[in-house]
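Note sheet for the following structure.
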Amino acid sequence: MASIAMAASLRTFLRPHRCRLLLRQSRSLSASAAPAGAAAASTVIRRSVVEVLRERGLVEATTSESLGSASASPRELKAYCGFDPTAESLHLGNLLGLVVLSWFRRCGHNAVALVGGATGRVGDPSGKSAERPELDLAAVETNSNAIKSLIGQILDRAPEPSQHSQSGKNLNLEQNEQALVNSGEKMGSFQILDNYDWWKDISLLDFLKEVGRFARVGTMIAKESVKKRLMSEDGMSYTEFTYQLLQGYDFLYMFRNMGVNVQIGGSDQWGNITAGTELIRKILQVEGAHGLTFPLLLKSDGTKFGKTEDGAIWLSPKMLSPYKFYQYFFSVPDIDVIRFMKILTFMSLDEIQELEESMKKPGYVPNTIQRRLAEEVTRFVHGEEGLEEALKATEALRPGAQTQLDSQTIEGIADDVPSCFLPYGQVLKSPLVDLAVSTGLLASKSAVRRLIKQGGLYLNNIRIDSEDKLVEEGDVVDGKVLLLSAGKKNKMVRIRASHVPASVDRAQMTTLVGPEISARKR
């Protein structure tokens, strides 16, 4: 009778709850994209998505070897990755999760992005040396809504198997993708869920009774993320200690009610992922739940890729402009660029290999491959419009560029650069030598004169040859902006000047010091 009662209780606890979701079905492949005839499809052997990910360096570990065979057939898997709403945007470290979900879709499987509207109120201790700051409910909801929108936009840009690259080159598809195209099957769909939709109906007593009794404290303590925190000076709170069970239950709930059978995450998520597979096996007494982790996004020196002196590299254009995002990838050193191209883009490995070989040939133009990496990743995160904005700003701010400057382009990066203020009258008819010093571009007039002689001072991307140059009205782009740059390795200055009637006092103008365009260290 006890077992019957427990089974009935579990059915009640695991009942489907009402949940909001966004369902995105990818564009179907056109008939022209698939070779006619079933024979064409049978000539290509499909590889599993796990093999594809492993070949690109996107697999750290899996919970079972059977995941490889299960992933060889389309629609067999439904993979999910979780994203806690700790800010209004995801950051570069989260991008790998979106890339891996997109590869599942490209290989014919379905994907789920789970926003932690509930777990975000607790905070994941994985990889953290101290407890996360507590977020109020309004912040969690605001962050959740912003992240859902961002995830939807990015996942919707994942190229279909027939669209390996946007460069226009006719490249061979990966073997498994060619099979998908030949079979005429659609790219997998994706959903965006919020775990608050089921957690809001669960009481603590229900959770302890139906899930807590299956969790072994010894196993929970043995998790690497827990051991590190227990050995730290601050230790670990009970709230954080239970996080692995909360995430584990998410997997259990979606496995039982939505058919989700794979959880993916960074290598620091291994303990949380296995907590979910163990709960499914113990509570539901079934097999078929899998976990896959990918390496953390690190540079060759072992430091995190995506952290700068200014903070995180955000994916939302509201927190980091497409231009600055593009510039970050453009500055990747040669030693890392090929590896990042494999894990962060959907380019074919054949093309990546060709690019790698081109780096070793005489006449290779530095930063050629970095430029391609920056274009591919910016297109995926910010779309064609964002990439166009980044390219336009990059070209406009290159000293000596032939691009016609306009104030809109320069103002587009205003939030990315520091600012200072000068009166309008100090700019017009001002000797350029004096202006370069007053704006902080160079330290002294003698330094400015030396730079002019060396051909390194530019006004609106035009080289200045005379020390006697005065700023004229025609130098102010669109009547608003003046752009100064001190060589390719120094800072650039943008000045805003407002024309006002003579009867009104001259408005203040803004001087913005722009990003360094420098030769990258190899």
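To be explicit about the labels: the chains of the structure tokens are called A, B, and onward in the order shown, and within each one the residues are counted from 1, while ligands get numbers from 1 in the order they are shown.
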
*Secondary structure check, alpha helix (DSSP H) residues of stretch 274-454 of chain A, as an MDAnalysis selection string*: chainID A and resid 274:279 322:330 334:344 349:358 368:396 407:411 432:438 445:453

Can you pull out the residues contacting stretch 243-252 of chain A? Cut-off 7 Å, using only C-alpha atoms, and skip same-chain residues under 6 positions away; I want them as an mmCIF file with all heavy atoms, in the first residue's frame.
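The resulting part.cif:
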```cif
data_model
loop_
_atom_site.group_PDB
_atom_site.id
_atom_site.type_symbol
_atom_site.label_atom_id
_atom_site.label_comp_id
_atom_site.auth_asym_id
_atom_site.auth_seq_id
_atom_site.Cartn_x
_atom_site.Cartn_y
_atom_site.Cartn_z
ATOM 1 N N THR A 119 15.106 29.553 -10.062
ATOM 2 C CA THR A 119 16.458 29.264 -9.561
ATOM 3 C C THR A 119 17.321 30.520 -9.507
ATOM 4 O O THR A 119 18.271 30.593 -8.720
ATOM 5 C CB THR A 119 17.133 28.198 -10.437
ATOM 6 O OG1 THR A 119 16.961 28.541 -11.819
ATOM 7 C CG2 THR A 119 16.511 26.837 -10.200
ATOM 8 N N ASP A 124 23.226 30.039 -8.495
ATOM 9 C CA ASP A 124 24.031 28.839 -8.698
ATOM 10 C C ASP A 124 25.419 29.051 -8.098
ATOM 11 O O ASP A 124 26.130 29.982 -8.473
ATOM 12 C CB ASP A 124 24.143 28.566 -10.200
ATOM 13 C CG ASP A 124 24.872 27.261 -10.493
ATOM 14 O OD1 ASP A 124 25.285 26.568 -9.540
ATOM 15 O OD2 ASP A 124 25.027 26.938 -11.686
ATOM 16 N N ASN A 195 11.387 28.321 -15.532
ATOM 17 C CA ASN A 195 11.097 27.320 -14.497
ATOM 18 C C ASN A 195 10.242 27.854 -13.347
ATOM 19 O O ASN A 195 9.741 27.077 -12.538
ATOM 20 C CB ASN A 195 12.381 26.675 -13.967
ATOM 21 C CG ASN A 195 13.326 27.644 -13.285
ATOM 22 O OD1 ASN A 195 12.986 28.803 -13.017
ATOM 23 N ND2 ASN A 195 14.541 27.172 -13.007
ATOM 24 N N ASN A 272 25.555 19.592 -11.207
ATOM 25 C CA ASN A 272 24.122 19.884 -11.302
ATOM 26 C C ASN A 272 23.433 18.997 -12.327
ATOM 27 O O ASN A 272 22.282 18.582 -12.143
ATOM 28 C CB ASN A 272 23.913 21.351 -11.672
ATOM 29 C CG ASN A 272 24.374 22.304 -10.581
ATOM 30 O OD1 ASN A 272 24.446 21.936 -9.413
ATOM 31 N ND2 ASN A 272 24.702 23.527 -10.960
ATOM 32 N N ILE A 273 24.137 18.738 -13.437
ATOM 33 C CA ILE A 273 23.550 17.903 -14.493
ATOM 34 C C ILE A 273 23.370 16.468 -14.011
ATOM 35 O O ILE A 273 22.310 15.848 -14.214
ATOM 36 C CB ILE A 273 24.420 17.964 -15.758
ATOM 37 C CG1 ILE A 273 24.324 19.356 -16.397
ATOM 38 C CG2 ILE A 273 23.992 16.891 -16.767
ATOM 39 C CD1 ILE A 273 25.251 19.568 -17.576
ATOM 40 N N ALA A 275 23.053 15.507 -11.024
ATOM 41 C CA ALA A 275 22.000 15.490 -9.999
ATOM 42 C C ALA A 275 20.651 15.247 -10.654
ATOM 43 O O ALA A 275 19.796 14.530 -10.118
ATOM 44 C CB ALA A 275 21.985 16.807 -9.226
ATOM 45 N N GLY A 276 20.445 15.819 -11.840
ATOM 46 C CA GLY A 276 19.195 15.622 -12.561
ATOM 47 C C GLY A 276 19.041 14.215 -13.101
ATOM 48 O O GLY A 276 17.963 13.609 -12.985
ATOM 49 N N LEU A 279 18.222 11.877 -10.227
ATOM 50 C CA LEU A 279 16.839 11.989 -9.755
ATOM 51 C C LEU A 279 15.881 11.279 -10.702
ATOM 52 O O LEU A 279 14.942 10.602 -10.270
ATOM 53 C CB LEU A 279 16.447 13.463 -9.622
ATOM 54 C CG LEU A 279 16.974 14.231 -8.412
ATOM 55 C CD1 LEU A 279 16.486 15.669 -8.456
ATOM 56 C CD2 LEU A 279 16.519 13.558 -7.109
ATOM 57 N N ILE A 280 16.086 11.436 -12.001
ATOM 58 C CA ILE A 280 15.210 10.777 -12.982
ATOM 59 C C ILE A 280 15.293 9.270 -12.838
ATOM 60 O O ILE A 280 14.270 8.563 -12.858
ATOM 61 C CB ILE A 280 15.607 11.223 -14.404
ATOM 62 C CG1 ILE A 280 15.244 12.699 -14.611
ATOM 63 C CG2 ILE A 280 14.929 10.354 -15.464
ATOM 64 C CD1 ILE A 280 15.777 13.298 -15.886
#
```

*Skip A:Ile264 itself and residues of its chain fewer than 6 positions away, then list as a ChimeraX atom specification all residues within 8 Å of it, counting only C-alpha atoms.*
/A:79-81,97,273,291-294

*Measuring atom to atom with only C-alpha atoms, identify which of A:His290, A:Ser232, A:Lys227, A:Val99 is nearest to A:Leu58.*
A:Val99

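If you measure from each of A:Ala72, A:Ala222, A:Leu230, A:Leu96 to A:Leu296 using only C-alpha atoms, the closest one turns out to be A:Leu96.
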
*asked:* Let me make sure I understand: among A:Ile338, A:Arg379, A:Lys304, A:Ser358, which one has the smallest atom-to-atom distance to A:Phe325 if we use only C-alpha atoms?
replied: A:Arg379

*Between A:Val262, A:Ile369, A:Val122, A:Leu92, which one has atoms that come closest to A:Ala70, using only C-alpha atoms?*
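Between A:Val262, A:Ile369, A:Val122, A:Leu92, the residue approaching A:Ala70 most closely is A:Val262.
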
*asked:* If we count only C-alpha atoms and set the cut-off at 10 Å, which residues sit around A:Pro74, ignoring sequence neighbours fewer than 6 positions away in its own chain? Please answer as an MDAnalysis selection string.
replied: chainID A and resid 46 48:49 104:110 180 185:188

*From stretch 192-418 of chain A, collect each residue whose DSSP state is strand (DSSP E) and return the set as a PyMOL selection string.*
chain A and resi 192-194+262-266+290-294+307-308+311-312

Can you write out the residues you just picked, keeping N, CA, C and O atoms, as an mmCIF file, in the first residue's frame?
```
data_model
loop_
_atom_site.group_PDB
_atom_site.id
_atom_site.type_symbol
_atom_site.label_atom_id
_atom_site.label_comp_id
_atom_site.auth_asym_id
_atom_site.auth_seq_id
_atom_site.Cartn_x
_atom_site.Cartn_y
_atom_site.Cartn_z
ATOM 1 N N ILE A 192 11.392 28.401 -25.514
ATOM 2 C CA ILE A 192 11.954 29.148 -24.400
ATOM 3 C C ILE A 192 10.992 29.008 -23.220
ATOM 4 O O ILE A 192 9.825 29.398 -23.319
ATOM 5 N N LEU A 193 11.461 28.426 -22.129
ATOM 6 C CA LEU A 193 10.634 28.171 -20.953
ATOM 7 C C LEU A 193 11.182 28.930 -19.750
ATOM 8 O O LEU A 193 12.333 29.377 -19.741
ATOM 9 N N ASP A 194 10.352 29.036 -18.715
ATOM 10 C CA ASP A 194 10.741 29.682 -17.464
ATOM 11 C C ASP A 194 10.393 28.731 -16.321
ATOM 12 O O ASP A 194 9.224 28.343 -16.165
ATOM 13 N N VAL A 262 17.979 15.530 -22.729
ATOM 14 C CA VAL A 262 19.399 15.886 -22.672
ATOM 15 C C VAL A 262 19.540 17.251 -22.007
ATOM 16 O O VAL A 262 18.830 18.193 -22.360
ATOM 17 N N GLN A 263 20.445 17.329 -21.044
ATOM 18 C CA GLN A 263 20.792 18.623 -20.476
ATOM 19 C C GLN A 263 22.235 18.937 -20.845
ATOM 20 O O GLN A 263 23.122 18.092 -20.712
ATOM 21 N N ILE A 264 22.469 20.153 -21.330
ATOM 22 C CA ILE A 264 23.818 20.576 -21.678
ATOM 23 C C ILE A 264 24.224 21.744 -20.786
ATOM 24 O O ILE A 264 23.374 22.447 -20.235
ATOM 25 N N GLY A 265 25.512 21.937 -20.640
ATOM 26 C CA GLY A 265 26.005 23.046 -19.827
ATOM 27 C C GLY A 265 27.516 23.071 -19.845
ATOM 28 O O GLY A 265 28.173 22.153 -20.348
ATOM 29 N N GLY A 266 28.093 24.132 -19.283
ATOM 30 C CA GLY A 266 29.537 24.219 -19.178
ATOM 31 C C GLY A 266 30.082 23.153 -18.247
ATOM 32 O O GLY A 266 29.342 22.535 -17.479
ATOM 33 N N HIS A 290 20.167 12.060 -20.400
ATOM 34 C CA HIS A 290 21.585 12.227 -20.700
ATOM 35 C C HIS A 290 22.066 13.621 -20.319
ATOM 36 O O HIS A 290 21.283 14.573 -20.252
ATOM 37 N N GLY A 291 23.362 13.726 -20.103
ATOM 38 C CA GLY A 291 23.993 15.014 -19.854
ATOM 39 C C GLY A 291 25.217 15.182 -20.723
ATOM 40 O O GLY A 291 25.912 14.203 -21.040
ATOM 41 N N LEU A 292 25.474 16.410 -21.132
ATOM 42 C CA LEU A 292 26.658 16.729 -21.947
ATOM 43 C C LEU A 292 27.204 18.072 -21.505
ATOM 44 O O LEU A 292 26.451 19.043 -21.373
ATOM 45 N N THR A 293 28.492 18.107 -21.243
ATOM 46 C CA THR A 293 29.114 19.378 -20.887
ATOM 47 C C THR A 293 30.110 19.784 -21.960
ATOM 48 O O THR A 293 30.706 18.943 -22.629
ATOM 49 N N PHE A 294 30.269 21.091 -22.114
ATOM 50 C CA PHE A 294 31.251 21.628 -23.055
ATOM 51 C C PHE A 294 32.290 22.418 -22.261
ATOM 52 O O PHE A 294 32.024 22.861 -21.133
ATOM 53 N N LYS A 307 36.091 38.392 -20.439
ATOM 54 C CA LYS A 307 36.264 39.324 -19.330
ATOM 55 C C LYS A 307 37.282 40.383 -19.731
ATOM 56 O O LYS A 307 38.357 40.069 -20.229
ATOM 57 N N THR A 308 36.943 41.642 -19.536
ATOM 58 C CA THR A 308 37.847 42.733 -19.843
ATOM 59 C C THR A 308 37.972 43.646 -18.631
ATOM 60 O O THR A 308 37.287 43.457 -17.621
ATOM 61 N N GLY A 311 34.711 45.026 -17.771
ATOM 62 C CA GLY A 311 33.650 44.119 -17.345
ATOM 63 C C GLY A 311 33.360 43.044 -18.377
ATOM 64 O O GLY A 311 34.184 42.737 -19.238
ATOM 65 N N ALA A 312 32.161 42.465 -18.290
ATOM 66 C CA ALA A 312 31.787 41.344 -19.152
ATOM 67 C C ALA A 312 31.505 41.808 -20.575
ATOM 68 O O ALA A 312 31.165 42.972 -20.819
#
```

*Write out as a list in words the residues lying within 10 Å of A:Ser438, counting only C-alpha atoms and excluding same-chain residues fewer than 6 positions away.*
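Skipping anything fewer than 6 positions along the chain leaves Leu422, Gln426, Val427, Leu432, Ser444 and Lys445 of chain A.
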
Using N, CA and C atoms, can you export the residues from the last selection as a PDB file, in the first residue's frame?
```pdb
ATOM      1  N   LEU A 422      34.220  70.613 -23.951  1.00  0.00           N
ATOM      2  CA  LEU A 422      34.911  71.846 -24.323  1.00  0.00           C
ATOM      3  C   LEU A 422      33.894  72.856 -24.826  1.00  0.00           C
ATOM      4  N   GLN A 426      36.054  77.249 -28.214  1.00  0.00           N
ATOM      5  CA  GLN A 426      37.421  76.745 -28.093  1.00  0.00           C
ATOM      6  C   GLN A 426      37.785  75.831 -29.253  1.00  0.00           C
ATOM      7  N   VAL A 427      36.771  75.435 -30.029  1.00  0.00           N
ATOM      8  CA  VAL A 427      37.008  74.522 -31.148  1.00  0.00           C
ATOM      9  C   VAL A 427      37.132  75.287 -32.468  1.00  0.00           C
ATOM     10  N   LEU A 432      44.840  73.365 -34.534  1.00  0.00           N
ATOM     11  CA  LEU A 432      44.686  71.936 -34.292  1.00  0.00           C
ATOM     12  C   LEU A 432      45.708  71.441 -33.273  1.00  0.00           C
ATOM     13  N   SER A 444      51.527  67.175 -25.103  1.00  0.00           N
ATOM     14  CA  SER A 444      52.144  68.487 -25.285  1.00  0.00           C
ATOM     15  C   SER A 444      52.091  68.920 -26.741  1.00  0.00           C
ATOM     16  N   LYS A 445      52.274  70.225 -26.958  1.00  0.00           N
ATOM     17  CA  LYS A 445      52.274  70.738 -28.324  1.00  0.00           C
ATOM     18  C   LYS A 445      53.458  70.194 -29.109  1.00  0.00           C
TER      19      LYS A 445
END
```

*Shortest interatomic distance to A:Tyr328 - which of A:Thr394, A:Ser485, A:Thr63, A:Gln353, counting only C-alpha atoms*: A:Thr394
